[in-house]
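Chemist: Have a peek at model-v5.txt (compact mmCIF, C-alpha atoms and all ligand atoms).
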# COMPACT_ATOMS: atom_id res chain seq x y z
CA MET M 270 0.00 0.00 0.00
CA SER M 271 1.23 3.44 -0.86
CA HIS M 272 1.51 6.25 1.75
CA PRO M 273 2.19 9.44 -0.26
CA GLU M 274 1.20 11.70 2.68
CA VAL M 275 4.20 10.39 4.66
CA GLY M 276 6.53 11.04 1.73
CA GLU M 277 5.20 14.58 1.31
CA ARG M 278 5.54 15.34 5.00
CA LEU M 279 9.09 14.04 5.22
CA ALA M 280 10.25 15.74 2.02
CA SER M 281 11.89 18.45 4.16
CA VAL M 282 13.86 15.89 6.22
CA LYS M 283 17.37 15.00 5.00
CA HIS M 284 18.02 11.81 6.99
CA VAL M 285 15.76 9.36 8.83
CA VAL M 286 17.49 6.98 11.24
CA LEU M 287 15.75 4.31 13.35
CA VAL M 288 17.25 3.32 16.71
CA LEU M 289 16.61 -0.31 17.64
CA SER M 290 17.55 -2.82 20.34
CA GLY M 291 16.90 -6.52 20.76
CA LYS M 292 16.22 -6.20 24.48
CA GLY M 293 14.67 -3.59 26.78
CA GLY M 294 16.77 -1.53 29.16
CA VAL M 295 20.01 -1.58 27.17
CA GLY M 296 19.94 2.20 26.78
CA LYS M 297 18.32 2.63 23.37
CA SER M 298 16.35 5.75 24.37
CA SER M 299 19.31 7.33 26.16
CA CYS M 300 21.52 6.66 23.13
CA THR M 301 18.84 8.27 20.89
CA VAL M 302 18.81 11.32 23.17
CA GLN M 303 22.62 11.53 23.19
CA LEU M 304 22.85 11.24 19.39
CA ALA M 305 20.23 13.99 19.14
CA LEU M 306 22.10 16.25 21.61
CA SER M 307 25.39 15.60 19.86
CA LEU M 308 23.95 16.38 16.41
CA ALA M 309 22.14 19.49 17.72
CA SER M 310 25.38 20.74 19.34
CA ARG M 311 26.91 20.72 15.82
CA GLY M 312 24.20 23.10 14.66
CA HIS M 313 22.05 20.48 12.95
CA LYS M 314 18.28 20.59 13.19
CA VAL M 315 17.18 17.36 14.80
CA GLY M 316 13.80 15.73 15.41
CA VAL M 317 13.26 12.84 17.82
CA LEU M 318 10.16 10.75 17.19
CA ASP M 319 9.39 8.40 20.08
CA ILE M 320 7.27 5.49 18.81
CA ASP M 321 7.68 3.46 22.00
CA LEU M 322 3.93 3.85 22.54
CA CYS M 323 3.71 1.68 25.66
CA GLY M 324 6.84 3.01 27.37
CA PRO M 325 7.64 6.54 26.15
CA SER M 326 10.71 7.80 28.03
CA ILE M 327 12.06 10.51 25.71
CA PRO M 328 9.92 13.40 27.14
CA ARG M 329 11.29 12.69 30.65
CA MET M 330 14.87 12.34 29.41
CA LEU M 331 14.64 15.66 27.54
CA GLY M 332 12.89 17.38 30.47
CA LEU M 333 9.72 17.98 28.44
CA GLU M 334 7.16 16.06 30.50
CA GLY M 335 3.75 17.72 30.69
CA ARG M 336 4.35 19.89 27.61
CA PRO M 337 1.55 19.81 25.00
CA ILE M 338 1.73 19.21 21.26
CA HIS M 339 -0.20 21.98 19.51
CA GLN M 340 -2.36 21.59 16.46
CA ALA M 341 -1.61 24.27 13.86
CA SER M 342 -2.91 24.63 10.30
CA ALA M 343 0.31 23.00 9.01
CA GLY M 344 -0.08 20.00 11.36
CA TRP M 345 1.01 18.93 14.83
CA VAL M 346 3.74 21.20 16.16
CA PRO M 347 6.51 19.28 17.99
CA VAL M 348 7.81 20.24 21.43
CA PHE M 349 11.20 21.98 21.38
CA ALA M 350 13.94 21.19 23.90
CA ASP M 351 15.85 24.44 23.32
CA SER M 352 15.06 28.05 22.49
CA ASP M 353 17.05 27.84 19.21
CA LYS M 354 14.58 25.19 18.02
CA ARG M 355 17.39 22.85 17.02
CA LEU M 356 15.95 19.89 18.92
CA ALA M 357 12.29 18.95 18.44
CA CYS M 358 10.45 16.00 19.91
CA VAL M 359 7.18 14.14 19.40
CA SER M 360 5.99 11.34 21.66
CA ILE M 361 2.73 9.74 22.73
CA GLY M 362 3.78 10.95 26.19
CA PHE M 363 2.71 14.49 25.19
CA LEU M 364 -0.80 13.28 24.34
CA LEU M 365 -1.54 11.31 27.52
CA PRO M 366 -3.56 12.84 30.39
CA SER M 367 -0.77 12.16 32.94
CA LYS M 368 2.71 10.63 33.08
CA ASP M 369 1.23 7.58 34.82
CA SER M 370 -1.36 6.90 32.10
CA SER M 371 -0.80 3.67 30.25
CA VAL M 372 -1.40 2.85 26.60
CA VAL M 373 -3.11 -0.52 26.17
CA TRP M 374 -3.77 -0.63 22.47
CA ARG M 375 -3.97 -3.39 19.91
CA GLY M 376 -1.92 -3.35 16.70
CA PRO M 377 -4.30 -1.41 14.40
CA ARG M 378 -4.63 1.50 16.84
CA LYS M 379 -0.85 1.64 17.33
CA ASN M 380 -0.36 1.59 13.56
CA ALA M 381 -2.82 4.46 13.11
CA MET M 382 -0.97 6.57 15.71
CA ILE M 383 2.41 5.91 14.09
CA LYS M 384 0.98 6.89 10.72
CA ARG M 385 -0.37 10.13 12.22
CA PHE M 386 3.06 10.89 13.71
CA LEU M 387 4.72 10.36 10.33
CA ALA M 388 2.11 12.11 8.22
CA ASP M 389 0.78 14.87 10.47
CA VAL M 390 3.73 16.33 12.37
CA TYR M 391 5.02 19.60 10.98
CA TRP M 392 8.78 19.22 11.57
CA GLY M 393 9.82 21.91 9.12
CA ASP M 394 13.34 21.53 7.67
CA LEU M 395 15.26 18.84 9.55
CA ASP M 396 18.77 17.50 9.04
CA TYR M 397 18.02 14.37 11.06
CA LEU M 398 14.91 12.59 12.25
CA LEU M 399 15.82 9.96 14.85
CA ILE M 400 13.07 7.40 15.53
CA ASP M 401 13.24 5.68 18.93
CA THR M 402 11.46 2.32 18.74
CA PRO M 403 10.30 -0.18 21.40
CA PRO M 404 12.64 -3.10 22.19
CA GLY M 405 12.48 -6.20 19.98
CA THR M 406 10.48 -6.41 16.77
CA SER M 407 6.81 -5.61 17.23
CA ASP M 408 3.82 -3.98 15.53
CA GLU M 409 5.46 -0.56 15.87
CA HIS M 410 8.54 -1.67 13.89
CA LEU M 411 6.55 -3.24 11.09
CA ALA M 412 4.27 -0.18 10.91
CA VAL M 413 7.09 2.37 10.77
CA VAL M 414 8.99 0.39 8.13
CA GLU M 415 5.85 0.02 6.01
CA TYR M 416 4.90 3.72 6.22
CA LEU M 417 8.46 4.80 5.44
CA GLN M 418 8.81 2.37 2.53
CA GLU M 419 8.63 4.91 -0.28
CA TRP M 420 10.59 7.53 1.59
CA ASN M 421 13.53 5.15 2.00
CA PRO M 422 14.89 5.74 5.51
CA ASP M 423 18.68 5.86 5.72
CA GLY M 424 18.74 2.86 8.02
CA ALA M 425 19.03 1.62 11.58
CA VAL M 426 21.42 1.98 14.50
CA ILE M 427 21.40 -1.03 16.84
CA VAL M 428 22.10 -0.53 20.56
CA THR M 429 23.23 -3.40 22.75
CA THR M 430 25.15 -3.99 25.99
CA PRO M 431 28.16 -6.29 26.44
CA GLN M 432 25.95 -8.82 28.25
CA ALA M 433 23.06 -8.61 25.76
CA VAL M 434 25.43 -9.33 22.87
CA ALA M 435 25.54 -12.95 23.98
CA LEU M 436 21.78 -13.20 23.57
CA SER M 437 20.19 -14.01 20.27
CA ASP M 438 17.84 -10.97 20.54
CA VAL M 439 20.32 -8.59 18.99
CA LYS M 440 20.97 -10.99 16.11
CA LYS M 441 17.18 -11.24 15.60
CA GLU M 442 17.05 -7.43 15.41
CA ILE M 443 19.81 -7.41 12.80
CA ASN M 444 18.00 -10.15 10.84
CA PHE M 445 14.77 -8.11 11.02
CA CYS M 446 16.55 -5.17 9.38
CA THR M 447 17.97 -7.40 6.66
CA THR M 448 14.55 -8.99 6.02
CA VAL M 449 12.71 -5.67 5.68
CA GLY M 450 15.57 -4.08 3.68
CA LEU M 451 16.59 -1.54 6.33
CA PRO M 452 20.31 -0.74 5.91
CA LEU M 453 22.40 -1.28 9.07
CA LEU M 454 24.21 1.97 9.79
CA GLY M 455 26.04 0.61 12.80
CA LEU M 456 26.05 -0.84 16.29
CA ILE M 457 26.68 0.89 19.64
CA GLU M 458 27.87 -1.10 22.66
CA ASN M 459 26.30 0.76 25.58
CA MET M 460 27.04 0.39 29.32
CA SER M 461 30.46 -0.89 28.34
CA GLY M 462 32.53 -0.32 31.48
CA PHE M 463 32.02 2.26 34.22
CA VAL M 464 33.45 5.77 34.40
CA CYS M 465 34.59 6.52 37.95
CA PRO M 466 33.08 9.86 39.04
CA HIS M 467 36.24 10.61 41.06
CA CYS M 468 39.06 10.04 38.62
CA ALA M 469 37.20 9.47 35.30
CA GLU M 470 39.01 6.12 34.98
CA CYS M 471 36.94 3.56 33.01
CA THR M 472 36.66 0.11 34.62
CA ASN M 473 35.29 -2.87 32.71
CA VAL M 474 32.73 -4.15 35.20
CA PHE M 475 31.54 -6.79 32.74
CA SER M 476 33.38 -8.05 29.68
CA THR M 477 33.57 -5.52 26.85
CA GLY M 478 34.23 -5.79 23.14
CA GLY M 479 31.36 -8.21 22.47
CA GLY M 480 29.56 -5.56 20.45
CA GLU M 481 32.57 -4.96 18.25
CA GLY M 482 33.00 -8.71 17.73
CA LEU M 483 29.34 -9.11 16.84
CA ALA M 484 29.46 -6.14 14.44
CA LYS M 485 32.47 -7.71 12.71
CA HIS M 486 30.78 -11.10 12.62
CA MET M 487 27.54 -9.66 11.18
CA ASP M 488 29.48 -7.34 8.85
CA ILE M 489 28.04 -4.07 10.14
CA PRO M 490 29.97 -0.94 11.18
CA PHE M 491 30.88 -0.64 14.86
CA LEU M 492 30.14 2.92 16.02
CA GLY M 493 31.72 2.68 19.48
CA ARG M 494 31.51 1.80 23.17
CA ALA M 495 29.70 4.04 25.63
CA PRO M 496 30.53 3.43 29.31
CA ILE M 497 28.12 3.78 32.25
CA ASP M 498 28.34 7.41 33.33
CA PRO M 499 26.66 8.40 36.64
CA ASN M 500 26.50 12.02 35.48
CA LEU M 501 24.39 10.95 32.49
CA VAL M 502 21.92 9.20 34.83
CA MET M 503 21.72 12.37 36.91
CA LEU M 504 21.19 14.56 33.83
CA LEU M 505 18.45 12.30 32.45
CA GLU M 506 16.68 12.14 35.82
CA GLN M 507 16.93 15.75 37.01
CA GLU M 508 14.06 18.08 36.15
CA ASP M 509 16.13 21.13 35.27
CA LYS M 510 18.30 20.09 32.30
CA THR M 511 20.18 23.38 32.30
CA LEU M 512 22.12 22.41 35.46
CA VAL M 513 25.39 20.56 34.85
CA PRO M 514 25.27 17.29 36.87
CA ASN M 515 27.95 16.68 39.47
CA VAL M 516 27.55 13.32 41.23
CA ASN M 517 30.92 13.82 42.90
CA ASP M 518 29.60 16.66 44.96
CA PRO M 519 25.78 16.83 44.93
CA ASN M 520 25.88 19.79 47.36
CA ALA M 521 28.14 21.93 45.19
CA GLU M 522 26.55 24.80 43.30
CA GLN M 523 25.80 23.51 39.79
CA ILE M 524 26.90 25.33 36.63
CA LYS M 525 23.90 26.71 34.73
CA THR M 526 23.74 26.55 30.92
CA ALA M 527 21.35 27.86 28.27
CA SER M 528 19.92 24.45 27.29
CA MET M 529 20.29 20.68 27.64
CA VAL M 530 22.26 20.67 24.37
CA GLU M 531 24.91 22.74 26.15
CA THR M 532 24.64 20.94 29.52
CA TYR M 533 25.34 17.59 27.86
CA GLN M 534 28.63 18.92 26.48
CA HIS M 535 29.89 19.04 30.10
CA CYS M 536 29.28 15.26 30.54
CA GLU M 537 32.25 12.95 29.97
CA LEU M 538 30.03 10.72 27.81
CA SER M 539 29.46 13.53 25.29
CA LYS M 540 33.07 13.02 24.07
CA VAL M 541 32.35 9.36 23.38
CA PHE M 542 29.14 10.29 21.57
CA ALA M 543 30.94 12.94 19.55
CA ASP M 544 33.07 10.13 18.13
CA ILE M 545 30.03 7.86 17.59
CA THR M 546 28.23 10.75 15.86
CA ASP M 547 31.27 11.38 13.60
CA LYS M 548 31.17 7.76 12.48
CA LEU M 549 27.40 7.83 11.94
CA GLU M 550 27.57 11.05 9.91
CA LEU M 551 30.38 9.64 7.81
CA ARG M 552 28.43 6.46 7.19
CA LEU M 553 25.36 8.48 6.12
CA GLN M 554 27.48 10.58 3.78
CA GLU M 555 29.02 7.48 2.20
CA ALA M 556 25.62 5.82 1.84
CA SER M 557 24.08 8.84 0.11
CA LYS M 558 26.85 9.09 -2.52
N1 LIG Q 1 25.76 4.77 29.30
C1 LIG Q 1 24.94 4.91 30.32
N2 LIG Q 1 25.40 5.39 31.51
C2 LIG Q 1 24.58 5.50 32.56
N3 LIG Q 1 23.28 5.17 32.55
C3 LIG Q 1 22.77 4.72 31.42
C4 LIG Q 1 23.56 4.56 30.23
N4 LIG Q 1 22.74 4.07 29.26
C5 LIG Q 1 21.52 3.95 29.79
N5 LIG Q 1 21.52 4.33 31.09
C6 LIG Q 1 20.39 4.30 32.03
O1 LIG Q 1 19.79 3.02 31.96
C7 LIG Q 1 18.38 3.10 32.04
C8 LIG Q 1 17.74 2.41 30.83
O2 LIG Q 1 18.08 3.17 29.69
P1 LIG Q 1 17.02 3.43 28.51
O3 LIG Q 1 15.68 3.81 29.05
O4 LIG Q 1 17.69 4.35 27.55
O5 LIG Q 1 16.94 1.96 27.91
P2 LIG Q 1 16.02 1.41 26.72
O6 LIG Q 1 16.82 0.37 26.02
O7 LIG Q 1 15.50 2.53 25.88
O8 LIG Q 1 14.85 0.75 27.53
P3 LIG Q 1 13.38 0.38 27.02
O9 LIG Q 1 13.42 0.28 25.53
O10 LIG Q 1 13.10 -0.91 27.71
O11 LIG Q 1 12.50 1.54 27.46
C9 LIG Q 1 18.04 4.58 32.14
O12 LIG Q 1 17.81 4.90 33.47
C10 LIG Q 1 19.29 5.30 31.64
O13 LIG Q 1 19.48 6.53 32.28
S1 LIG Q 2 38.67 4.21 39.72
FE1 LIG Q 2 37.53 5.57 41.07
S2 LIG Q 2 36.86 4.26 42.72
FE2 LIG Q 2 38.46 3.18 41.63
S3 LIG Q 2 40.32 3.70 42.73
FE3 LIG Q 2 40.12 5.19 41.10
S4 LIG Q 2 39.06 6.90 42.10
FE4 LIG Q 2 38.78 5.15 43.40
Would you encode the structure as structure tokens?
Modeler:
Amino acid sequence: MSHPEVGERLASVKHVVLVLSGKGGVGKSSCTVQLALSLASRGHKVGVLDIDLCGPSIPRMLGLEGRPIHQASAGWVPVFADSDKRLACVSIGFLLPSKDSSVVWRGPRKNAMIKRFLADVYWGDLDYLLIDTPPGTSDEHLAVVEYLQEWNPDGAVIVTTPQAVALSDVKKEINFCTTVGLPLLGLIENMSGFVCPHCAECTNVFSTGGGEGLAKHMDIPFLGRAPIDPNLVMLLEQEDKTLVPNVNDPNAEQIKTASMVETYQHCELSKVFADITDKLELRLQEASK
């Protein structure tokens, strides 16, 4: 079935990237947020579409909980995470009566909502649209791939952890992409080691390198390893995203910035994601040649 309204709506978007994981809790949403912050810090215009309809976490991570999506004549207006309007977000979380409301929908209703997100949101000109998906391969994945068919999304980034690499879930996710013809842009090994908040030394709590081995084995680019960073947890949890987290000294006066895009640049993990983002951008450039 053809979906020309999706193609028309996304004509002003340069790149569409899906973020997937085989298992829940491996850090897919936080990696999506960090890619978005990293791209926005380079001056790109970025949209984050959260299609994890049953467990939307992006509004909380970006500090946008409780903000409404407005209906304008051009379509649904996304919620912006910064005053420069470089980082826009759309999530079912903005449409629910409260943050504790749950979505218990069957496939057809979920599909209809995803189609509305793709066809009705007025993103304006975007350099990147990052789509955060639920874990595994479910109705949401099949729907988004079907609706994007004619638009040809650039591909998928897979997020895993060193422990999850051993499970077949991540291989299933990779096979899903191959089956539906979604190019694999790369794999991120998240929670790979622990950054000490005192000396910034990285300790490998569990084994690391599994993600790189798997990427090699499955012949997909390895984008990098992101360690566990307590300051990232603090930033994602705190309400005011303009305060630079400091787990070392929670009583110290926190540095204030203009936006979360800037705050994130003070986190150790932003350096790792700058490198991951370089590789992803390079991969997208190569693929579009
Ligand atoms: N590199 C990291 N350092 C510190 N904390 C992290 C890191 N990655 C993820 N986390 C934390 O782990 C928790 C789970 O992450 P997240 O919600 O991104 O996972 P997910 O894969 O999207 O989960 P699900 O799809 O099941 O909702 C969050 O509290 C997040 O802050
Ligand atoms: S890595 Fe951190 S916790 Fe371990 S010895 Fe160094 S300062 Fe202490």
Chemist: Output as a Markdown table one row per residue of range 376-404 of chain M within 10 Å of range 410-422 of chain M: the closest atom pair and its distance in Å to one decimal place, counting all atoms listed in the file, sorted by chain and residue number ascending.
Modeler:
| residue | atom | partner | partner_atom | distance |
| --- | --- | --- | --- | --- |
| M:Gly376 | CA | M:Ala412 | CA | 9.0 |
| M:Pro377 | CA | M:Ala412 | CA | 9.3 |
| M:Lys379 | CA | M:Ala412 | CA | 8.4 |
| M:Asn380 | CA | M:Ala412 | CA | 5.6 |
| M:Ala381 | CA | M:Ala412 | CA | 8.8 |
| M:Met382 | CA | M:Ala412 | CA | 9.8 |
| M:Ile383 | CA | M:Val413 | CA | 6.7 |
| M:Lys384 | CA | M:Tyr416 | CA | 6.8 |
| M:Phe386 | CA | M:Val413 | CA | 9.9 |
| M:Leu387 | CA | M:Tyr416 | CA | 7.8 |
| M:Ala388 | CA | M:Tyr416 | CA | 9.1 |
| M:Leu398 | CA | M:Pro422 | CA | 9.6 |
| M:Ile400 | CA | M:Val413 | CA | 9.1 |
| M:Thr402 | CA | M:His410 | CA | 6.9 |
| M:Pro403 | CA | M:His410 | CA | 7.9 |
| M:Pro404 | CA | M:His410 | CA | 9.4 |
Chemist: So, counting only C-alpha atoms, which residue among M:Leu512, M:Ile427, M:Ala484, M:Leu306 is closest to Thr526 in chain M?
Modeler: M:Leu512
Chemist: What does the distance from CA of Asn500 in chain M to CA of Glu442 in chain M come to in Å, to one decimal?
Modeler: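 Pair CA of Asn500 in chain M / CA of Glu442 in chain M returns 29.5 Å.
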Chemist: Please find the residues contacting ligand LIG 1 (chain Q) at a distance of at most 6 Å between atoms, with all atoms listed in the file counted, and report them as a tab-separated table (two decimals) with C-alpha atoms, in the coordinates of the input.
Modeler:
chain	number	residue	atom	x	y	z
M	293	GLY	CA	14.67	-3.59	26.78
M	294	GLY	CA	16.77	-1.53	29.16
M	295	VAL	CA	20.01	-1.58	27.17
M	296	GLY	CA	19.94	2.20	26.78
M	297	LYS	CA	18.32	2.63	23.37
M	298	SER	CA	16.35	5.75	24.37
M	299	SER	CA	19.31	7.33	26.16
M	324	GLY	CA	6.84	3.01	27.37
M	403	PRO	CA	10.30	-0.18	21.40
M	404	PRO	CA	12.64	-3.10	22.19
M	459	ASN	CA	26.30	0.76	25.58
M	460	MET	CA	27.04	0.39	29.32
M	495	ALA	CA	29.70	4.04	25.63
M	496	PRO	CA	30.53	3.43	29.31
M	497	ILE	CA	28.12	3.78	32.25
M	498	ASP	CA	28.34	7.41	33.33
M	499	PRO	CA	26.66	8.40	36.64
M	501	LEU	CA	24.39	10.95	32.49
M	502	VAL	CA	21.92	9.20	34.83
M	505	LEU	CA	18.45	12.30	32.45
Chemist: Determine the nearest neighbour of Val346 in chain M from the options M:Gly393, M:Gln554, M:Cys323, M:Val373, counting all atoms listed in the file.
Modeler: M:Gly393
Chemist: Ranking M:Gln432, M:Gln303, M:Asn515, M:Ser539 by minimum distance to Gly480 in chain M and counting all atoms listed in the file, which one comes first?
Modeler: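 Once distances to Gly480 in chain M are computed over all atoms listed in the file, the minimum belongs to M:Gln432.
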Chemist: Quick one: residues within 12 Å of ligand LIG 2 (chain Q), with only C-alpha atoms and all ligand atoms, as a list in words?
Modeler: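 Counting only C-alpha atoms and all ligand atoms, the residues within 12 Å of ligand LIG 2 (chain Q) come out as Gly462, Phe463, Val464, Cys465, Pro466, His467, Cys468, Ala469, Glu470, Cys471, Thr472, Asn473, Val474 and Asn517 of chain M.
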Chemist: Go through M:Lys525, M:Arg311, M:Lys540, M:Lys292 and flag the residue nearest Tyr397 in chain M, using only C-alpha atoms for the distances.
Modeler: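 Of the candidates, the smallest distance to Tyr397 in chain M is held by M:Arg311.
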Chemist: Record the distance separating CA of Phe542 in chain M and CA of Leu504 in chain M, expressed in Å with one decimal.
Modeler: 15.2 Å
Chemist: Please list as a ChimeraX atom specification every residue within 8 Å of Gly332 in chain M, counting all atoms listed in the file and excluding residues in the same chain fewer than 4 positions away.
Modeler: /M:328,350,505,507-510
Chemist: Which residues are close to range 487-494 of chain M, i.e. within 9 Å by only C-alpha atoms, leaving aside same-chain residues fewer than 6 positions away? Reply as a ChimeraX atom specification.
Modeler: /M:426,440,443,453-462,477-478,480-481,541-542,544-549,552
Chemist: Since the input has fewer atoms than a full residue there, write range 411-426 of chain M out with N, CA and C atoms, as a short mmCIF file (atom, residue, chain, number, x, y, z; two decimals), in the coordinates of the input.
Modeler:
data_model
loop_
_atom_site.label_atom_id
_atom_site.label_comp_id
_atom_site.auth_asym_id
_atom_site.auth_seq_id
_atom_site.Cartn_x
_atom_site.Cartn_y
_atom_site.Cartn_z
N LEU M 411 7.08 -2.90 12.41
CA LEU M 411 6.55 -3.24 11.09
C LEU M 411 5.80 -2.04 10.51
N ALA M 412 5.04 -1.34 11.38
CA ALA M 412 4.27 -0.18 10.91
C ALA M 412 5.21 0.91 10.39
N VAL M 413 6.23 1.26 11.17
CA VAL M 413 7.09 2.37 10.77
C VAL M 413 7.83 2.03 9.48
N VAL M 414 8.27 0.79 9.36
CA VAL M 414 8.99 0.39 8.13
C VAL M 414 8.04 0.45 6.93
N GLU M 415 6.79 -0.01 7.13
CA GLU M 415 5.85 0.02 6.01
C GLU M 415 5.54 1.47 5.59
N TYR M 416 5.28 2.34 6.57
CA TYR M 416 4.90 3.72 6.22
C TYR M 416 6.07 4.48 5.59
N LEU M 417 7.30 4.08 5.97
CA LEU M 417 8.46 4.80 5.44
C LEU M 417 8.97 4.22 4.12
N GLN M 418 8.35 3.11 3.71
CA GLN M 418 8.81 2.37 2.53
C GLN M 418 9.24 3.24 1.35
N GLU M 419 8.33 4.13 0.93
CA GLU M 419 8.63 4.91 -0.28
C GLU M 419 9.63 6.02 0.00
N TRP M 420 9.68 6.45 1.26
CA TRP M 420 10.59 7.53 1.59
C TRP M 420 12.04 7.04 1.63
N ASN M 421 12.20 5.73 1.88
CA ASN M 421 13.53 5.15 2.00
C ASN M 421 14.34 5.70 3.16
N PRO M 422 14.09 5.25 4.39
CA PRO M 422 14.89 5.74 5.51
C PRO M 422 16.35 5.36 5.31
N ASP M 423 17.25 6.15 5.90
CA ASP M 423 18.68 5.86 5.72
C ASP M 423 19.06 4.51 6.32
N GLY M 424 18.42 4.16 7.44
CA GLY M 424 18.74 2.86 8.02
C GLY M 424 18.59 2.85 9.52
N ALA M 425 19.22 1.84 10.14
CA ALA M 425 19.03 1.62 11.58
C ALA M 425 20.35 1.60 12.32
N VAL M 426 20.30 2.12 13.56
CA VAL M 426 21.42 1.98 14.50
C VAL M 426 20.95 0.99 15.56
#
